[in-house]
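Novice: Pasting target-v3.cif here (mmCIF, C-alpha atoms):
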```cif
data_work
loop_
_atom_site.group_PDB
_atom_site.id
_atom_site.type_symbol
_atom_site.label_atom_id
_atom_site.label_comp_id
_atom_site.auth_asym_id
_atom_site.auth_seq_id
_atom_site.Cartn_x
_atom_site.Cartn_y
_atom_site.Cartn_z
ATOM 1 C CA MET Y 1 156.753 73.969 172.623
ATOM 2 C CA ARG Y 2 156.159 76.796 170.171
ATOM 3 C CA LEU Y 3 159.023 75.544 167.976
ATOM 4 C CA PHE Y 4 157.619 72.007 168.048
ATOM 5 C CA LEU Y 5 154.174 73.300 167.041
ATOM 6 C CA SER Y 6 155.625 75.346 164.171
ATOM 7 C CA VAL Y 7 157.603 72.389 162.854
ATOM 8 C CA SER Y 8 154.562 70.118 163.146
ATOM 9 C CA LEU Y 9 152.379 72.547 161.211
ATOM 10 C CA ALA Y 10 155.028 72.878 158.508
ATOM 11 C CA LEU Y 11 155.260 69.120 158.160
ATOM 12 C CA LEU Y 12 151.484 68.812 157.959
ATOM 13 C CA SER Y 13 151.357 71.508 155.285
ATOM 14 C CA ALA Y 14 154.117 69.808 153.282
ATOM 15 C CA ALA Y 15 152.380 66.437 153.570
ATOM 16 C CA HIS Y 16 149.100 68.014 152.408
ATOM 17 C CA SER Y 17 150.838 69.635 149.434
ATOM 18 C CA PHE Y 18 152.540 66.361 148.542
ATOM 19 C CA ALA Y 19 149.225 64.529 148.710
ATOM 20 C CA GLU Y 20 147.636 67.116 146.416
ATOM 21 C CA THR Y 21 150.503 66.720 143.955
ATOM 22 C CA GLN Y 22 150.148 62.973 144.020
ATOM 23 C CA GLU Y 23 146.395 63.188 143.463
ATOM 24 C CA LYS Y 24 146.639 65.528 140.486
ATOM 25 C CA PRO Y 25 146.002 63.742 137.183
ATOM 26 C CA ARG Y 26 148.204 63.893 134.160
ATOM 27 C CA GLN Y 27 147.261 66.543 131.652
ATOM 28 C CA LEU Y 28 145.906 64.779 128.593
ATOM 29 C CA VAL Y 29 146.200 66.372 125.154
ATOM 30 C CA ILE Y 30 144.022 64.569 122.612
ATOM 31 C CA ILE Y 31 144.555 65.382 118.931
ATOM 32 C CA SER Y 32 142.311 64.040 116.176
ATOM 33 C CA PHE Y 33 142.034 64.367 112.407
ATOM 34 C CA ASP Y 34 138.822 64.171 110.374
ATOM 35 C CA GLY Y 35 138.707 62.662 106.879
ATOM 36 C CA ALA Y 36 142.216 61.195 106.909
ATOM 37 C CA HIS Y 37 142.664 61.142 103.137
ATOM 38 C CA ASP Y 38 145.654 63.172 101.852
ATOM 39 C CA ASN Y 39 148.642 60.811 101.820
ATOM 40 C CA LYS Y 40 151.052 63.723 102.163
ATOM 41 C CA LEU Y 41 149.392 64.639 105.447
ATOM 42 C CA TRP Y 42 149.360 61.017 106.577
ATOM 43 C CA ASP Y 43 153.138 61.171 106.223
ATOM 44 C CA ARG Y 44 153.385 64.517 107.980
ATOM 45 C CA SER Y 45 151.191 63.503 110.913
ATOM 46 C CA ARG Y 46 153.034 60.242 111.468
ATOM 47 C CA LYS Y 47 156.394 62.044 111.424
ATOM 48 C CA LEU Y 48 155.017 64.571 113.920
ATOM 49 C CA ALA Y 49 153.890 61.726 116.163
ATOM 50 C CA LYS Y 50 157.330 60.133 116.129
ATOM 51 C CA LYS Y 51 159.010 63.469 116.831
ATOM 52 C CA THR Y 52 156.815 64.339 119.799
ATOM 53 C CA GLY Y 53 155.797 60.924 121.144
ATOM 54 C CA ALA Y 54 152.131 61.734 120.545
ATOM 55 C CA HIS Y 55 149.473 59.256 119.471
ATOM 56 C CA PHE Y 56 146.568 60.483 117.345
ATOM 57 C CA THR Y 57 143.023 59.497 116.440
ATOM 58 C CA TYR Y 58 142.199 59.465 112.727
ATOM 59 C CA PHE Y 59 138.480 59.633 111.922
ATOM 60 C CA LEU Y 60 138.379 58.022 108.487
ATOM 61 C CA SER Y 61 135.812 58.718 105.769
ATOM 62 C CA CYS Y 62 135.175 55.470 103.909
ATOM 63 C CA THR Y 63 134.754 57.092 100.483
ATOM 64 C CA TYR Y 64 138.521 57.581 100.351
ATOM 65 C CA LEU Y 65 138.957 53.807 100.153
ATOM 66 C CA VAL Y 66 136.379 53.238 97.406
ATOM 67 C CA ASN Y 67 137.625 52.517 93.902
ATOM 68 C CA PRO Y 68 136.315 55.401 91.744
ATOM 69 C CA LYS Y 69 134.540 52.965 89.406
ATOM 70 C CA ASP Y 70 132.624 51.492 92.363
ATOM 71 C CA ARG Y 71 131.333 54.742 93.836
ATOM 72 C CA HIS Y 72 127.741 54.225 92.690
ATOM 73 C CA ALA Y 73 127.475 51.190 94.976
ATOM 74 C CA TYR Y 74 127.323 53.606 97.916
ATOM 75 C CA ARG Y 75 124.057 55.371 98.681
ATOM 76 C CA ALA Y 76 123.734 57.524 101.788
ATOM 77 C CA PRO Y 77 120.323 58.009 103.414
ATOM 78 C CA HIS Y 78 118.138 60.374 101.354
ATOM 79 C CA GLN Y 79 120.838 60.739 98.677
ATOM 80 C CA LYS Y 80 121.314 59.508 95.128
ATOM 81 C CA PRO Y 81 123.778 56.663 94.520
ATOM 82 C CA GLY Y 82 127.400 57.722 94.196
ATOM 83 C CA ARG Y 83 127.045 61.034 96.004
ATOM 84 C CA SER Y 84 129.628 62.296 98.521
ATOM 85 C CA ASN Y 85 129.959 65.761 100.004
ATOM 86 C CA THR Y 86 133.741 65.485 100.119
ATOM 87 C CA GLY Y 87 134.461 63.594 96.917
ATOM 88 C CA TRP Y 88 136.121 60.234 96.413
ATOM 89 C CA ALA Y 89 139.535 58.675 96.137
ATOM 90 C CA GLN Y 90 141.434 59.942 93.109
ATOM 91 C CA SER Y 91 142.967 56.706 91.866
ATOM 92 C CA VAL Y 92 143.735 53.107 92.760
ATOM 93 C CA PRO Y 93 147.444 53.773 93.498
ATOM 94 C CA GLU Y 94 146.419 56.604 95.802
ATOM 95 C CA ILE Y 95 144.081 54.245 97.694
ATOM 96 C CA GLN Y 96 146.808 51.625 97.937
ATOM 97 C CA GLN Y 97 149.138 54.167 99.504
ATOM 98 C CA ARG Y 98 146.405 55.264 101.911
ATOM 99 C CA LEU Y 99 145.750 51.685 102.982
ATOM 100 C CA GLY Y 100 149.423 51.329 103.811
ATOM 101 C CA ASN Y 101 149.325 54.518 105.855
ATOM 102 C CA ILE Y 102 146.249 53.432 107.780
ATOM 103 C CA TRP Y 103 147.675 50.035 108.606
ATOM 104 C CA GLN Y 104 151.058 51.409 109.642
ATOM 105 C CA ALA Y 105 149.384 54.025 111.835
ATOM 106 C CA HIS Y 106 147.417 51.231 113.499
ATOM 107 C CA LEU Y 107 150.628 49.275 114.106
ATOM 108 C CA ASP Y 108 152.247 52.421 115.538
ATOM 109 C CA GLY Y 109 149.544 52.648 118.203
ATOM 110 C CA HIS Y 110 147.333 55.309 116.670
ATOM 111 C CA ASP Y 111 143.565 55.083 116.916
ATOM 112 C CA ILE Y 112 141.479 54.696 113.746
ATOM 113 C CA GLY Y 113 137.892 55.850 114.147
ATOM 114 C CA SER Y 114 134.934 56.292 111.827
ATOM 115 C CA HIS Y 115 133.837 59.548 110.213
ATOM 116 C CA ALA Y 116 131.078 57.709 108.334
ATOM 117 C CA CYS Y 117 131.251 57.740 104.527
ATOM 118 C CA GLY Y 118 129.908 60.574 102.405
ATOM 119 C CA HIS Y 119 130.117 63.374 104.992
ATOM 120 C CA PHE Y 120 126.410 64.129 105.117
ATOM 121 C CA ASP Y 121 124.550 65.910 107.894
ATOM 122 C CA GLY Y 122 122.853 63.076 109.766
ATOM 123 C CA LYS Y 123 121.034 65.001 112.486
ATOM 124 C CA ALA Y 124 117.659 63.832 111.140
ATOM 125 C CA TRP Y 125 118.723 60.259 110.411
ATOM 126 C CA THR Y 126 117.025 57.412 112.196
ATOM 127 C CA LYS Y 127 118.792 54.642 114.040
ATOM 128 C CA ALA Y 128 118.249 52.367 111.025
ATOM 129 C CA GLU Y 129 119.724 54.955 108.635
ATOM 130 C CA TRP Y 130 122.806 55.411 110.782
ATOM 131 C CA LYS Y 131 123.204 51.632 110.976
ATOM 132 C CA GLN Y 132 123.113 51.489 107.182
ATOM 133 C CA GLU Y 133 125.838 54.134 106.990
ATOM 134 C CA PHE Y 134 127.951 52.141 109.436
ATOM 135 C CA ALA Y 135 127.386 48.981 107.388
ATOM 136 C CA ASP Y 136 128.567 50.810 104.254
ATOM 137 C CA PHE Y 137 131.653 51.967 106.145
ATOM 138 C CA ASP Y 138 132.509 48.390 107.153
ATOM 139 C CA LYS Y 139 131.843 47.102 103.640
ATOM 140 C CA ALA Y 140 134.161 49.687 102.104
ATOM 141 C CA LEU Y 141 136.970 48.902 104.532
ATOM 142 C CA LEU Y 142 136.623 45.130 104.439
ATOM 143 C CA GLY Y 143 136.785 45.090 100.635
ATOM 144 C CA ALA Y 144 139.326 47.880 100.217
ATOM 145 C CA TRP Y 145 142.413 45.762 99.494
ATOM 146 C CA LYS Y 146 140.686 43.340 97.140
ATOM 147 C CA ASN Y 147 138.676 46.005 95.314
ATOM 148 C CA ASN Y 148 141.781 48.068 94.665
ATOM 149 C CA ASP Y 149 144.007 45.347 93.205
ATOM 150 C CA PHE Y 150 145.950 45.013 96.444
ATOM 151 C CA ALA Y 151 144.578 41.738 97.841
ATOM 152 C CA GLU Y 152 147.973 40.043 98.045
ATOM 153 C CA PHE Y 153 149.172 42.731 100.460
ATOM 154 C CA GLU Y 154 146.152 42.701 102.780
ATOM 155 C CA PRO Y 155 147.304 42.085 106.371
ATOM 156 C CA LYS Y 156 145.834 38.891 107.774
ATOM 157 C CA GLU Y 157 144.555 40.879 110.781
ATOM 158 C CA TRP Y 158 142.781 43.515 108.655
ATOM 159 C CA ALA Y 159 139.245 42.123 108.990
ATOM 160 C CA ASP Y 160 139.634 41.749 112.755
ATOM 161 C CA PHE Y 161 140.918 45.327 112.932
ATOM 162 C CA VAL Y 162 137.886 46.648 111.018
ATOM 163 C CA GLU Y 163 135.369 44.641 113.017
ATOM 164 C CA ASN Y 164 136.854 44.947 116.497
ATOM 165 C CA ASP Y 165 139.324 47.847 116.755
ATOM 166 C CA ILE Y 166 137.378 50.740 115.238
ATOM 167 C CA LYS Y 167 135.394 51.779 118.289
ATOM 168 C CA GLY Y 168 135.197 55.569 118.011
ATOM 169 C CA PHE Y 169 133.076 57.906 115.919
ATOM 170 C CA ARG Y 170 132.847 61.567 115.014
ATOM 171 C CA ALA Y 171 129.818 62.809 113.109
ATOM 172 C CA PRO Y 172 130.331 64.925 109.995
ATOM 173 C CA TYR Y 173 129.757 68.608 110.782
ATOM 174 C CA LEU Y 174 129.643 67.527 114.465
ATOM 175 C CA SER Y 175 125.942 67.120 113.734
ATOM 176 C CA THR Y 176 124.065 64.585 115.810
ATOM 177 C CA GLY Y 177 120.454 63.637 116.435
ATOM 178 C CA PRO Y 178 118.347 61.199 118.445
ATOM 179 C CA GLY Y 179 119.081 58.298 116.095
ATOM 180 C CA LEU Y 180 122.865 58.384 116.509
ATOM 181 C CA ILE Y 181 123.544 57.118 120.030
ATOM 182 C CA PRO Y 182 121.233 54.071 119.730
ATOM 183 C CA ALA Y 183 122.924 53.204 116.421
ATOM 184 C CA LEU Y 184 126.404 53.611 117.911
ATOM 185 C CA LYS Y 185 125.472 51.326 120.773
ATOM 186 C CA ALA Y 186 123.954 48.722 118.449
ATOM 187 C CA LYS Y 187 127.096 48.775 116.288
ATOM 188 C CA GLY Y 188 129.389 48.286 119.280
ATOM 189 C CA PHE Y 189 131.084 51.680 119.332
ATOM 190 C CA THR Y 190 132.373 52.708 122.736
ATOM 191 C CA TYR Y 191 132.903 56.443 122.297
ATOM 192 C CA ASP Y 192 131.621 59.415 120.323
ATOM 193 C CA ALA Y 193 133.648 62.612 119.812
ATOM 194 C CA SER Y 194 130.970 64.760 118.162
ATOM 195 C CA SER Y 195 130.005 67.041 121.060
ATOM 196 C CA ILE Y 196 130.958 70.670 121.697
ATOM 197 C CA SER Y 197 131.514 72.242 125.113
ATOM 198 C CA LYS Y 198 132.009 75.803 126.350
ATOM 199 C CA GLY Y 199 135.538 74.942 127.482
ATOM 200 C CA PRO Y 200 137.462 71.737 128.198
ATOM 201 C CA ALA Y 201 134.885 69.490 129.843
ATOM 202 C CA ASP Y 202 134.775 66.168 131.635
ATOM 203 C CA VAL Y 203 133.497 63.260 129.582
ATOM 204 C CA GLU Y 204 129.897 62.149 129.842
ATOM 205 C CA LYS Y 205 128.164 58.842 129.268
ATOM 206 C CA THR Y 206 124.929 58.363 127.350
ATOM 207 C CA SER Y 207 123.425 54.887 127.095
ATOM 208 C CA GLY Y 208 126.840 53.338 127.621
ATOM 209 C CA ILE Y 209 128.602 55.538 125.032
ATOM 210 C CA THR Y 210 131.429 57.738 126.355
ATOM 211 C CA ARG Y 211 131.046 61.196 124.884
ATOM 212 C CA PHE Y 212 133.983 63.534 124.330
ATOM 213 C CA ALA Y 213 133.496 67.212 123.478
ATOM 214 C CA LEU Y 214 135.646 69.567 121.436
ATOM 215 C CA PRO Y 215 135.937 72.710 123.572
ATOM 216 C CA ARG Y 216 135.398 76.319 122.724
ATOM 217 C CA ILE Y 217 138.637 78.112 123.577
ATOM 218 C CA PRO Y 218 139.523 81.827 123.831
ATOM 219 C CA GLU Y 219 141.194 83.142 120.680
ATOM 220 C CA GLY Y 220 142.421 86.424 119.303
ATOM 221 C CA PRO Y 221 142.969 89.837 120.906
ATOM 222 C CA GLU Y 222 139.494 89.883 122.429
ATOM 223 C CA GLY Y 223 139.572 86.277 123.599
ATOM 224 C CA ARG Y 224 136.345 85.363 121.848
ATOM 225 C CA LEU Y 225 135.483 81.685 122.082
ATOM 226 C CA VAL Y 226 135.888 79.433 119.039
ATOM 227 C CA ILE Y 227 135.677 75.660 118.689
ATOM 228 C CA GLY Y 228 139.176 74.208 119.021
ATOM 229 C CA MET Y 229 139.272 72.927 115.450
ATOM 230 C CA ASP Y 230 141.222 74.111 112.428
ATOM 231 C CA TYR Y 231 138.153 74.675 110.237
ATOM 232 C CA ASN Y 232 136.501 76.926 112.830
ATOM 233 C CA LEU Y 233 139.706 78.924 113.177
ATOM 234 C CA TYR Y 234 139.857 79.162 109.379
ATOM 235 C CA VAL Y 235 136.348 80.639 109.271
ATOM 236 C CA ARG Y 236 137.165 83.007 112.148
ATOM 237 C CA HIS Y 237 140.405 84.223 110.600
ATOM 238 C CA SER Y 238 139.572 84.537 106.909
ATOM 239 C CA ALA Y 239 135.822 83.906 106.580
ATOM 240 C CA GLY Y 240 136.578 80.516 105.030
ATOM 241 C CA LEU Y 241 138.548 82.053 102.148
ATOM 242 C CA ASN Y 242 142.082 80.762 101.741
ATOM 243 C CA SER Y 243 144.615 83.499 102.550
ATOM 244 C CA PRO Y 244 148.085 81.900 102.486
ATOM 245 C CA GLY Y 245 149.767 85.298 102.532
ATOM 246 C CA ARG Y 246 148.580 85.757 106.127
ATOM 247 C CA ALA Y 247 149.608 82.271 107.239
ATOM 248 C CA LYS Y 248 152.170 83.436 109.813
ATOM 249 C CA GLN Y 249 149.676 85.800 111.420
ATOM 250 C CA PHE Y 250 147.055 83.063 111.707
ATOM 251 C CA GLU Y 251 149.629 80.548 112.929
ATOM 252 C CA ALA Y 252 150.703 82.877 115.731
ATOM 253 C CA ARG Y 253 147.120 83.505 116.838
ATOM 254 C CA THR Y 254 146.347 79.795 116.793
ATOM 255 C CA LEU Y 255 149.458 78.842 118.731
ATOM 256 C CA ASP Y 256 148.669 81.478 121.343
ATOM 257 C CA ALA Y 257 145.126 80.103 121.699
ATOM 258 C CA PHE Y 258 146.401 76.532 122.078
ATOM 259 C CA ARG Y 259 148.953 77.580 124.690
ATOM 260 C CA ARG Y 260 146.396 79.509 126.717
ATOM 261 C CA ALA Y 261 143.893 76.664 126.641
ATOM 262 C CA PHE Y 262 146.590 74.190 127.672
ATOM 263 C CA ASN Y 263 148.057 76.313 130.472
ATOM 264 C CA GLU Y 264 144.645 76.940 132.004
ATOM 265 C CA GLN Y 265 144.167 73.196 132.454
ATOM 266 C CA TYR Y 266 147.790 72.301 133.208
ATOM 267 C CA ASP Y 267 147.848 74.823 136.054
ATOM 268 C CA GLY Y 268 144.277 74.024 137.087
ATOM 269 C CA ARG Y 269 141.957 71.016 137.129
ATOM 270 C CA ARG Y 270 143.726 69.267 134.245
ATOM 271 C CA VAL Y 271 140.631 68.451 132.263
ATOM 272 C CA PRO Y 272 141.761 66.774 128.987
ATOM 273 C CA LEU Y 273 142.354 69.282 126.187
ATOM 274 C CA GLN Y 274 140.961 68.124 122.848
ATOM 275 C CA LEU Y 275 141.814 69.760 119.534
ATOM 276 C CA GLY Y 276 140.538 68.730 116.112
ATOM 277 C CA PHE Y 277 142.036 69.028 112.620
ATOM 278 C CA HIS Y 278 141.353 68.051 109.030
ATOM 279 C CA PHE Y 279 143.629 66.617 106.367
ATOM 280 C CA VAL Y 280 143.649 69.997 104.621
ATOM 281 C CA GLU Y 281 146.295 72.701 105.055
ATOM 282 C CA MET Y 282 144.018 75.734 105.304
ATOM 283 C CA ASN Y 283 145.448 79.250 105.127
ATOM 284 C CA GLY Y 284 148.841 78.090 103.911
ATOM 285 C CA GLY Y 285 149.167 75.390 106.550
ATOM 286 C CA ALA Y 286 148.841 77.837 109.465
ATOM 287 C CA TYR Y 287 146.942 75.417 111.701
ATOM 288 C CA TRP Y 288 149.139 72.372 111.047
ATOM 289 C CA ASP Y 289 152.232 74.514 111.645
ATOM 290 C CA ALA Y 290 150.773 75.750 114.935
ATOM 291 C CA LEU Y 291 149.981 72.177 115.920
ATOM 292 C CA ASP Y 292 153.549 71.097 115.144
ATOM 293 C CA THR Y 293 155.019 73.777 117.401
ATOM 294 C CA PHE Y 294 152.435 73.220 120.128
ATOM 295 C CA LEU Y 295 153.014 69.467 120.379
ATOM 296 C CA THR Y 296 156.782 69.822 120.116
ATOM 297 C CA GLU Y 297 156.884 72.124 123.136
ATOM 298 C CA THR Y 298 154.060 70.456 125.094
ATOM 299 C CA CYS Y 299 154.223 66.668 124.883
ATOM 300 C CA GLY Y 300 157.531 66.464 126.741
ATOM 301 C CA LYS Y 301 156.379 68.516 129.729
ATOM 302 C CA PRO Y 302 156.149 66.759 133.112
ATOM 303 C CA GLU Y 303 152.831 65.018 133.771
ATOM 304 C CA VAL Y 304 151.595 65.538 130.191
ATOM 305 C CA ALA Y 305 150.358 62.709 127.970
ATOM 306 C CA CYS Y 306 149.622 63.385 124.293
ATOM 307 C CA MET Y 307 147.374 60.456 123.519
ATOM 308 C CA ASN Y 308 144.460 59.371 121.358
ATOM 309 C CA TYR Y 309 140.857 58.721 122.327
ATOM 310 C CA ALA Y 310 141.296 54.951 122.533
ATOM 311 C CA GLN Y 311 144.194 55.364 124.975
ATOM 312 C CA ALA Y 312 142.191 57.881 127.007
ATOM 313 C CA MET Y 313 139.351 55.371 127.228
ATOM 314 C CA GLU Y 314 141.742 52.764 128.618
ATOM 315 C CA LEU Y 315 143.255 55.266 131.035
ATOM 316 C CA MET Y 316 139.868 56.337 132.349
ATOM 317 C CA LYS Y 317 139.077 52.780 133.330
ATOM 318 C CA GLY Y 318 141.625 53.262 136.096
ATOM 319 C CA LYS Y 319 140.247 56.577 137.291
ATOM 320 C CA LYS Y 320 139.550 56.767 140.986
ATOM 321 C CA ALA Y 321 135.984 56.490 142.159
ATOM 322 C CA ASP Y 322 135.960 60.149 143.249
ATOM 323 C CA GLY Y 323 137.239 61.195 139.817
ATOM 324 C CA SER Y 324 140.291 62.886 141.361
ATOM 325 C CA ALA Y 325 143.068 61.286 139.310
ATOM 326 C CA PHE Y 326 143.889 58.861 136.544
#
```
Can the structure from this file be put into structure tokens for me?
Specialist:
Amino acid sequence: MRLFLSVSLALLSAAHSFAETQEKPRQLVIISFDGAHDNKLWDRSRKLAKKTGAHFTYFLSCTYLVNPKDRHAYRAPHQKPGRSNTGWAQSVPEIQQRLGNIWQAHLDGHDIGSHACGHFDGKAWTKAEWKQEFADFDKALLGAWKNNDFAEFEPKEWADFVENDIKGFRAPYLSTGPGLIPALKAKGFTYDASSISKGPADVEKTSGITRFALPRIPEGPEGRLVIGMDYNLYVRHSAGLNSPGRAKQFEARTLDAFRRAFNEQYDGRRVPLQLGFHFVEMNGGAYWDALDTFLTETCGKPEVACMNYAQAMELMKGKKADGSAF
């Protein structure tokens, strides 16, 4: 009898463990890039995606598709015509190459989102002002091929892509205000990735908009929290001053921070880990190099999915009612 009871308890324990394993969600790793301008980094990111099987979100700034001679047609709220905090495209051939990169990334299953246009702080903008910025974004994209002497190469699906496939947004400077969410909803966006959380956090919904948050993650010898984004690491490591001679040191610290943040979730609740980057190789490329290594060693792990925000949105539609698993 005692043997039967022991075996029964062991079987129950094994069944419980199996059920827990089955219930556990995949670990999502969501990588995004703000600006999406430098064609060299378009090439690098797409090669990285093919190598690792990852799919990325690119938050595009519309000024990088505006013919330099047409820049004065854009006027951001409370700004003079032709102003942009991050500059403009350099030349027509450069824009043509960028258009090709954007379209190919779309065909490869990457997610193209909006980063607005002139990279201004919109925390005080009204709903109407945000809507105007979104309208300028659409105008720049819809006319990009024609306005840059590339009309004959415009994909026939381009307009539909601009109007119906760009559903995500990240605010410049991660700066939001009361006018943003109503404007996003009116425009038909489905998600916003402008929030910040103390650590990896579950998504939230506000007025029908799914809100993703870049987490603060432990970094450095003391484990102080920093937003999981290359620019914030750049400021932490070198006070925002480029120090390429220390690139390997900063790369190692960044990779260690990414690994720790990932392992905490992979071995725990498996909240999606989101990390953000820019199309700039700060500190000698330390942060892009760390990302390369991190994705190469991570995306192939069991029960890990390196995906973009649009794919995560689709996946979450199938999440169980109790939120236990995807």
Novice: Measure the distance from CA of Ser61 in chain Y to CA of His237 in chain Y in Å and round it to one decimal.
Specialist: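 Taking CA of Ser61 in chain Y as the start and CA of His237 in chain Y as the end point, the length is 26.4 Å.
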Novice: Rank nothing, just name the residue among Y:Tyr64, Y:Phe134, Y:Trp288, Y:Trp88 nearest to Phe189 in chain Y, using all atoms listed in the file.
Specialist: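 Looking only at the distances to Phe189 in chain Y, the closest residue turns out to be Y:Phe134.
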Novice: Between CA of Asp34 in chain Y and CA of Lys167 in chain Y, what is the distance, to one decimal in Å?
Specialist: 15.1 Å
Novice: Quick one: of Y:Gly87, Y:Gly100, Y:Pro81, Y:Pro302, who's nearest to Trp145 in chain Y, counting all atoms listed in the file?
Specialist: Y:Gly100
Novice: Would you compute the distance between CA of Gly109 in chain Y and CA of Arg259 in chain Y? Give it in Å to one decimal.
Specialist: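 Straight-line distance from CA of Gly109 in chain Y to CA of Arg259 in chain Y works out to 25.8 Å.
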Novice: With distances taken over only C-alpha atoms, which of Y:Asp230, Y:Asp121, Y:Glu133, Y:Glu219 is nearest to His278 in chain Y?
Specialist: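 Among the listed residues, the smallest separation from His278 in chain Y belongs to Y:Asp230.
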Novice: Dig up all the protein and nucleic acid residues within 12 Å of (122.1, 51.5, 111.2) in the file frame, using all atoms listed in the file, and format them as a PyMOL selection string.
Specialist: chain Y and resi 76-77+116+122+125-138+179-188
Novice: Please determine, counting only C-alpha atoms, which residue among Y:Ala140, Y:Cys117, Y:Leu275, Y:Leu28 has the shortest atom-to-atom distance to Leu65 in chain Y.
Specialist: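 Of the candidates, the smallest distance to Leu65 in chain Y is held by Y:Ala140.
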Novice: Name the residues in contact with range 147-163 of chain Y at a cut-off of 8 Å, using only C-alpha atoms, excluding same-chain residues fewer than 4 positions from it; report them as a list in words.
Specialist: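 Those residues are Val66, Asn67, Val92, Ile95, Gln96, Asp138, Leu141, Leu142 and Gly143 of chain Y.
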Novice: Using all atoms listed in the file, which of Y:Pro68, Y:Gly284, Y:Gly118, Y:Pro221 sits nearest Gly245 in chain Y?
Specialist: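 Selected residue with least distance to Gly245 in chain Y: Y:Gly284.
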Novice: Reconstruct N, CA, C and O atoms of range 93-106 of chain Y; output as a short mmCIF file (atom, residue, chain, number, x, y, z; two decimals), keeping the file's coordinate frame.
Specialist:
```
data_model
loop_
_atom_site.label_atom_id
_atom_site.label_comp_id
_atom_site.auth_asym_id
_atom_site.auth_seq_id
_atom_site.Cartn_x
_atom_site.Cartn_y
_atom_site.Cartn_z
N PRO Y 93 146.16 53.66 92.79
CA PRO Y 93 147.44 53.77 93.50
C PRO Y 93 147.37 54.67 94.74
O PRO Y 93 148.03 54.40 95.74
N GLU Y 94 146.56 55.72 94.65
CA GLU Y 94 146.42 56.60 95.80
C GLU Y 94 145.75 55.86 96.96
O GLU Y 94 146.14 56.02 98.13
N ILE Y 95 144.74 55.04 96.66
CA ILE Y 95 144.08 54.24 97.69
C ILE Y 95 145.06 53.24 98.29
O ILE Y 95 145.10 53.04 99.51
N GLN Y 96 145.84 52.61 97.45
CA GLN Y 96 146.81 51.62 97.94
C GLN Y 96 147.78 52.27 98.93
O GLN Y 96 148.09 51.69 99.97
N GLN Y 97 148.23 53.46 98.60
CA GLN Y 97 149.14 54.17 99.50
C GLN Y 97 148.43 54.51 100.81
O GLN Y 97 149.01 54.39 101.90
N ARG Y 98 147.18 54.92 100.71
CA ARG Y 98 146.40 55.26 101.91
C ARG Y 98 146.20 54.04 102.80
O ARG Y 98 146.29 54.13 104.03
N LEU Y 99 145.90 52.91 102.20
CA LEU Y 99 145.75 51.68 102.98
C LEU Y 99 147.02 51.38 103.76
O LEU Y 99 146.97 50.99 104.94
N GLY Y 100 148.16 51.55 103.12
CA GLY Y 100 149.42 51.33 103.81
C GLY Y 100 149.61 52.28 104.97
O GLY Y 100 150.09 51.89 106.05
N ASN Y 101 149.22 53.54 104.78
CA ASN Y 101 149.32 54.52 105.86
C ASN Y 101 148.41 54.18 107.02
O ASN Y 101 148.81 54.30 108.19
N ILE Y 102 147.19 53.78 106.72
CA ILE Y 102 146.25 53.43 107.78
C ILE Y 102 146.77 52.26 108.60
O ILE Y 102 146.76 52.28 109.84
N TRP Y 103 147.23 51.23 107.89
CA TRP Y 103 147.68 50.04 108.61
C TRP Y 103 148.93 50.32 109.43
O TRP Y 103 149.03 49.88 110.58
N GLN Y 104 149.85 51.10 108.89
CA GLN Y 104 151.06 51.41 109.64
C GLN Y 104 150.74 52.27 110.86
O GLN Y 104 151.32 52.10 111.94
N ALA Y 105 149.80 53.21 110.70
CA ALA Y 105 149.38 54.02 111.84
C ALA Y 105 148.79 53.15 112.93
O ALA Y 105 149.06 53.35 114.12
N HIS Y 106 147.98 52.17 112.53
CA HIS Y 106 147.42 51.23 113.50
C HIS Y 106 148.54 50.49 114.23
O HIS Y 106 148.51 50.35 115.46
#
```
